[in-house]
Structure formats: structure tokens, C-alpha cells
Amino acid sequence: MMADTGSEEIAVIGNTDLTPSELENNIKNTMVEKGATLLKRMEINVAEAEKRTGKNAVSMQETYTVYLIETRAVDPSSEGANPAPPDSLWRRYSEFELLRNYLLVTYSFVVVPPLPEKRAEFVWHKLSADNMDPDFVERRRVGLENFLLRVASHPVLSNDKIFYSFLTQEQGWKEVVFETGFQAKSDSRLKALNATFRVKNPDKRFAEMKHYGDELQSVISQLLRVRARVADRLYGVYKVHGNYGRVFSEWSAIEREMGDGLQSAGHHMDAYAASVDDILEEEEHYADQLKEYLFYTEALRAVCRKHELCQFELEMAAQDLTSKKQQREELATGTVRTFSLKGMTSKLFGQETPEQREAKIKTLESQIEEGEEMVKDKNAESEEFVKNAWVDIERFREQKDRDLKEALISYAIMQISMCKKGIQVWSNAKECFSKM
């Protein structure tokens with residue numbers, strides 16, 4: 001709804017960070033027509049991770065991990081021919097963080113894909129929480145590739161030139177990012193928190209979506225904790241089957257007729273006990289899929305917080321305009337409708353001269369004209385922000401429903417397969433016992 005410029009302005013949310021010239025630059029910052037994504041024109045993968053040692057910003061030795069990004073242009077006309085060798089470059093996790101922070105600020109209406117966790121969370125006790133652990137680094141490599149593919153397939157983010165430079169320009173990329181000045185446009189947490197508590201006309205849809213983000217985060221966190229506890233118990237159950245194997249093997253040594261059957265049954269139990277490591281490694285893949293959406297909830301709430309902040313700033317502009325109009329009316333009529341320091345001053349030191357009053361009215365007229373223009377511009381920006389944000393939220397919801405459904409079904413299939421494996425092991429043991 002457009003805000004009236006009368007005495008009762010209704011503030012509507014909008015993206016007030018970018019000036020018209022900056023918005024035009026953002027449009028120029030895209031490389032192809034609407035609807036096309038980078039993933040249709042380029043193959044992207046994070047091929048490997050490598051541990052390195054070097055000096056940090058304060059000249060102290062540190063060990064860190066770098067990731068090899070490989071890209072190859074997709075050429076439909078060369079289908080069937082030998083593909084060209086990929087271009088490659090190395091990036092640190094901190095550079096992925098810088099890219100995402102840039103995207104968050106520049107495209108505040110987008111639910112920006114999250115990065116994989118920096119340190120392991122919701123782990124069961126046998127899993128290392130060390131961020132240099134090879135298994136953790138490998139899972140993070142997969143997560144970083146997934147992040148790049150998410151961005152490269154996004155209808156807006158994929159066509160950003162800074163993202164393209166991240167994939168193709170190894171040297172000088174950071175300087176290009178900082179030259180955009182995105183850090184100066186970043187909203188402080190205190191500013192966002194102030195808007196949350198002081199906004200008067202919240203959009204019900206965004207308020208409900210923010211609440212949904214809180215609830216989804218809680219549910220997924222609980223699910224991951226349950227899964228970690230189950231993994232602990234499952235590991236113990238599987239490994240204790242190794243004791244069956246040991247006992248059957250020892251028993252077979254003292255039996256003449258039953259020895260072969262007991263020995264074979266023991267081998268089946270040993271194999272069953274050893275299989276849990278591969279099972280839980282596969283489970284970590286499903287846990288990482290859930291963690292992605294755990295971190296997605298914060299991206300969703302970030303869009304809603306931006307909505308609150310923009311609306312609050314627009315409400316303040318509308319309130320200031322109303323105040324200026326009231327001051328003009330009081331000066332024109334000579335009546336003060338509310339208690340004010342100005343009214344007390346007039347009573348103590350006398351009324352202003354007509355010339356002083358005219359000068360103040362003229363100043364207020366100019367300020368009111370500027371205020372009306374500001375509210376008008378912010379209303380136009382707000383409509384654009386709401387439209388773009390809600391389109392992306394709907395896109396995200398469809399993606400979330402599809403991904404989580406597939407992940408849960410796959411997890412259930414894995415559990416069924418695991419149970420069948422247990423049945424098969426005991427069926428084999430039964431056969432061994434039958435042949436004794």
C-alpha cells in the first residue's frame with residue numbers, strides 16, 4: 001500500500017539501502033538475460049581439499065585448508081567431443097565467507113544459501129569435532145561445492161559478476177569485492193534489533209515467516225540431537241556383535257562337529273560389526289543435508305529482519321513528515337496543539353515576529369517537500385522489495401519441501417536397508433548353525 005503524504009502516513013517496508021544509481025549498477029552487474037543461470041553455462045565443482053601452513057596477518061604460523069575449485073564452460077555445440085580441461089583455482093573457507101557476506105548485503109531480499117559448518121556440531125561421540133579432521137574436511141568440501149551450485153543455479157545470485165570473479169579470478173578477487181563498498185551498507189545487529197521492537201506496522205506474512213524460521217530451526221536442531229544419540233547407541237549395538245564373533249570363534253576351537261558352523265557364524269558377526277562405520281558415514285551425509293536447512297533458517301530470518309528494518313526506517317520518515325506538517329500548521333495559525341518547549345519559550349520570552357515566522361514556515365515548506373518525496377520514493381522501493389523478497393521466499397519454500405522430502409525418504413530407505421542387513425546376518429548365522 002502506498003503511503004499517504006497527509007497527516008496520517010502509513011509506512012510500508014522497502015529496501016532503502018541502495019540508491020537508484022546503485023540499483024542501476026546492480027542491474028549492470030548481471031551478465032545474461034533474466035531466467036538464465038550460470039549453472040547452465042558452466043560446470044562447477046570443488047575437486048579436492050589441501051592442508052597448508054603459512055603466516056597469518058600477524059606473521060604467526062598457522063595451518064589451514066584450501067579448496068580447489070574447477071570450472072568448465074558448457075558448450076552445447078561440442079557435445080560428444082572431448083571436453084576442454086577445466087580452469088582451476090584455490091580458495092580458503094574465509095573467502096567463501098567473504099563471498100556470502102557480500103551476497104547477503106547486496107541481495108538483502110534473497111534467502112542466500114548457507115555455507116557448511118565451520119566446526120562440527122551435533123556430532124556423536126566417536127566422530128571427531130576437529131575442523132582439520134580429514135573426514136570433516138571432506139564433508140565440508142562437499143558442502144562448499146553444494147553452496148556454489150546453489151548460488152550458480154539461483155535466478156538472481158548466479159548472474160552476479162563478483163560471484164563469477166570468485167570462480168575465475170584467483171588474484172585480486174578480494175580487492176574487487178571490497179571496492180563494491182558492501183561493508184558500509186551492512187546493517188548492525190543493534191540497529192536490526194531496535195527495528196524489531198519499535199516497528200509499528202509489521203507485515204503479517206513476514207512476521208509469520210520469521211516465526212516459522214524460529215520453529216524450523218528448533219525442530220531440525222532437535223532432530224539432529226536425536227540422530228546423534230541414536231548413532232551412539234547404534235554404534236554400540238553393532239560393535240557388540242563383534243563379541244559374538246569372538247565368542248563363536250573361541251567356541252569353535254573346542255568343538256569337533258560344530259566347529260565349522262560356529263566359525264562361519266563368527267565371521268558373519270565380525271563383518272556385521274565392521275559395517276557400522278560405513279553406515280554411520282552415510283548417515284553423516286543425511287545429517288549434513290539437515291544442517292544445511294538448519295543454517296538456511298538464519299538466512300530466511302535475515303530477509304525478515306531486513307523487512308522490519310526497512311519498514312521501521314520508513315515509519316520514522318513518515319513520522320518526521322507528520323511532525324513537520326504539524327509545526328507548519330502551528331506557525332500558520334499561531335496555536336500550539338501539544339505541549340512543547342517551543343510553546344513554553346513563547347510564553348516566557350514573547351511571540352516571534354511575523355518575519356521570523358515566515359522564514360520558519362518557508363524552511364518547513366522546503367523540508368516537507370523533501371519529506372514527501374522521500375516517503376514517495378521509499379514506498380516505491382518498498383513495493384519492489386516486498387515483491388522480490390516474496391518471490392524468493394516462495395522459491396525457497398518449494399526447494400526446501402522438495403529437498404527435505406527426498407532426504408527423509410532416502411534416510412528411511414537407508415534405515416530399512418540397515419535392518420535388512422541385520423536380518424540377513426542372523427539368517428546366515430542360522431544357516432551355519434543348521435549345518436552343524
# chains A, B, ... in the order shown; residues from 1 in each chain; ligands from 1

$ residues_around --residues "A:Ala36" --least-positions-apart "6" --cutoff "12 Å" --atoms "only C-alpha atoms" --output "short mmCIF file (atom, residue, chain, number, x, y, z; two decimals) with N, CA and C atoms, in the first residue's frame"
data_model
loop_
_atom_site.label_atom_id
_atom_site.label_comp_id
_atom_site.auth_asym_id
_atom_site.auth_seq_id
_atom_site.Cartn_x
_atom_site.Cartn_y
_atom_site.Cartn_z
N THR A 30 24.80 -7.82 -13.66
CA THR A 30 24.38 -9.13 -14.14
C THR A 30 24.84 -9.30 -15.58
N MET A 42 28.07 -23.26 -17.18
CA MET A 42 29.36 -23.60 -16.59
C MET A 42 29.24 -24.79 -15.65
N ALA A 152 25.01 -20.80 -8.07
CA ALA A 152 25.09 -20.81 -9.54
C ALA A 152 23.76 -21.15 -10.20
N SER A 153 22.83 -21.77 -9.46
CA SER A 153 21.52 -22.12 -10.02
C SER A 153 20.44 -21.13 -9.59
N HIS A 154 20.81 -20.13 -8.79
CA HIS A 154 19.82 -19.14 -8.33
C HIS A 154 19.54 -18.14 -9.44
N PRO A 155 18.29 -17.79 -9.69
CA PRO A 155 17.96 -16.90 -10.81
C PRO A 155 18.55 -15.50 -10.70
N VAL A 156 18.89 -15.06 -9.50
CA VAL A 156 19.47 -13.71 -9.32
C VAL A 156 20.95 -13.79 -9.00
N LEU A 157 21.29 -14.54 -7.96
CA LEU A 157 22.68 -14.58 -7.48
C LEU A 157 23.64 -15.11 -8.55
N SER A 158 23.17 -16.04 -9.37
CA SER A 158 24.08 -16.70 -10.32
C SER A 158 24.66 -15.75 -11.34
N ASN A 159 24.02 -14.63 -11.58
CA ASN A 159 24.48 -13.71 -12.62
C ASN A 159 25.26 -12.52 -12.08
N ASP A 160 25.66 -12.62 -10.80
CA ASP A 160 26.46 -11.54 -10.21
C ASP A 160 27.92 -11.65 -10.67
#

$ closest_residue --among "A:Tyr411, A:Phe312, A:Phe166, A:Tyr272" --to "A:Trp426" --atoms "only C-alpha atoms"
A:Tyr272

$ closest_atom_pairs --of "stretch 186-305 of chain A" --to "stretch 111-122 of chain A" --cutoff "10 Å" --atoms "only C-alpha atoms" --output "Markdown table"
| residue | atom | partner | partner_atom | distance |
| --- | --- | --- | --- | --- |
| A:Ser221 | CA | A:Phe122 | CA | 8.2 |
| A:Gln222 | CA | A:Phe122 | CA | 9.7 |
| A:Leu223 | CA | A:Phe122 | CA | 9.8 |
| A:Leu224 | CA | A:Phe122 | CA | 6.2 |
| A:Arg225 | CA | A:Phe122 | CA | 6.0 |
| A:Val226 | CA | A:Phe122 | CA | 9.2 |
| A:Arg227 | CA | A:Phe122 | CA | 8.6 |
| A:Ala228 | CA | A:Phe122 | CA | 6.4 |
| A:Arg229 | CA | A:Phe122 | CA | 9.4 |
| A:Ala287 | CA | A:Phe122 | CA | 8.9 |
| A:Asp288 | CA | A:Pro116 | CA | 8.0 |
| A:Gln289 | CA | A:Pro116 | CA | 9.7 |
| A:Lys291 | CA | A:Pro116 | CA | 7.9 |
| A:Glu292 | CA | A:Pro114 | CA | 6.6 |
| A:Tyr293 | CA | A:Pro114 | CA | 8.2 |
| A:Leu294 | CA | A:Pro114 | CA | 9.2 |
| A:Phe295 | CA | A:Pro114 | CA | 5.9 |
| A:Tyr296 | CA | A:Pro114 | CA | 5.8 |
| A:Thr297 | CA | A:Val111 | CA | 8.9 |
| A:Glu298 | CA | A:Pro114 | CA | 8.6 |
| A:Ala299 | CA | A:Val111 | CA | 5.3 |
| A:Leu300 | CA | A:Val111 | CA | 5.3 |
| A:Arg301 | CA | A:Val111 | CA | 8.5 |
| A:Ala302 | CA | A:Val111 | CA | 7.8 |
| A:Val303 | CA | A:Val111 | CA | 6.6 |
| A:Cys304 | CA | A:Val111 | CA | 9.7 |

$ residues_around --residues "A:Leu89" --least-positions-apart "5" --cutoff "10 Å" --atoms "only C-alpha atoms" --output "ChimeraX atom specification"
/A:46,66-71,166-171

$ residues_around --residues "A:Leu408" --least-positions-apart "6" --cutoff "10 Å" --atoms "only C-alpha atoms" --output "PDB file with C-alpha atoms, in the first residue's frame"
ATOM      1  CA  TYR A 286      21.941 -37.060   5.568  1.00  0.00           C
ATOM      2  CA  GLN A 289      21.552 -32.160   4.426  1.00  0.00           C
ATOM      3  CA  LEU A 290      19.535 -31.367   7.546  1.00  0.00           C
ATOM      4  CA  MET A 414      18.836 -46.447   4.416  1.00  0.00           C
TER       5      MET A 414
END

$ residues_around --residues "A:Ala332" --least-positions-apart "2" --cutoff "12 Å" --atoms "only C-alpha atoms" --output "list in words"
Lys325, Gln326, Gln327, Arg328, Glu329, Glu330, Gly334, Thr335, Val336, Glu352, Pro354, Gln356, Arg357, Glu358, Ala359, Lys360, Ile361, Lys362, Leu364 and Glu365 of chain A

$ closest_residue --among "A:Tyr212, A:Phe206, A:Phe182, A:Tyr164" --to "A:Arg41" --atoms "only C-alpha atoms"
A:Tyr164
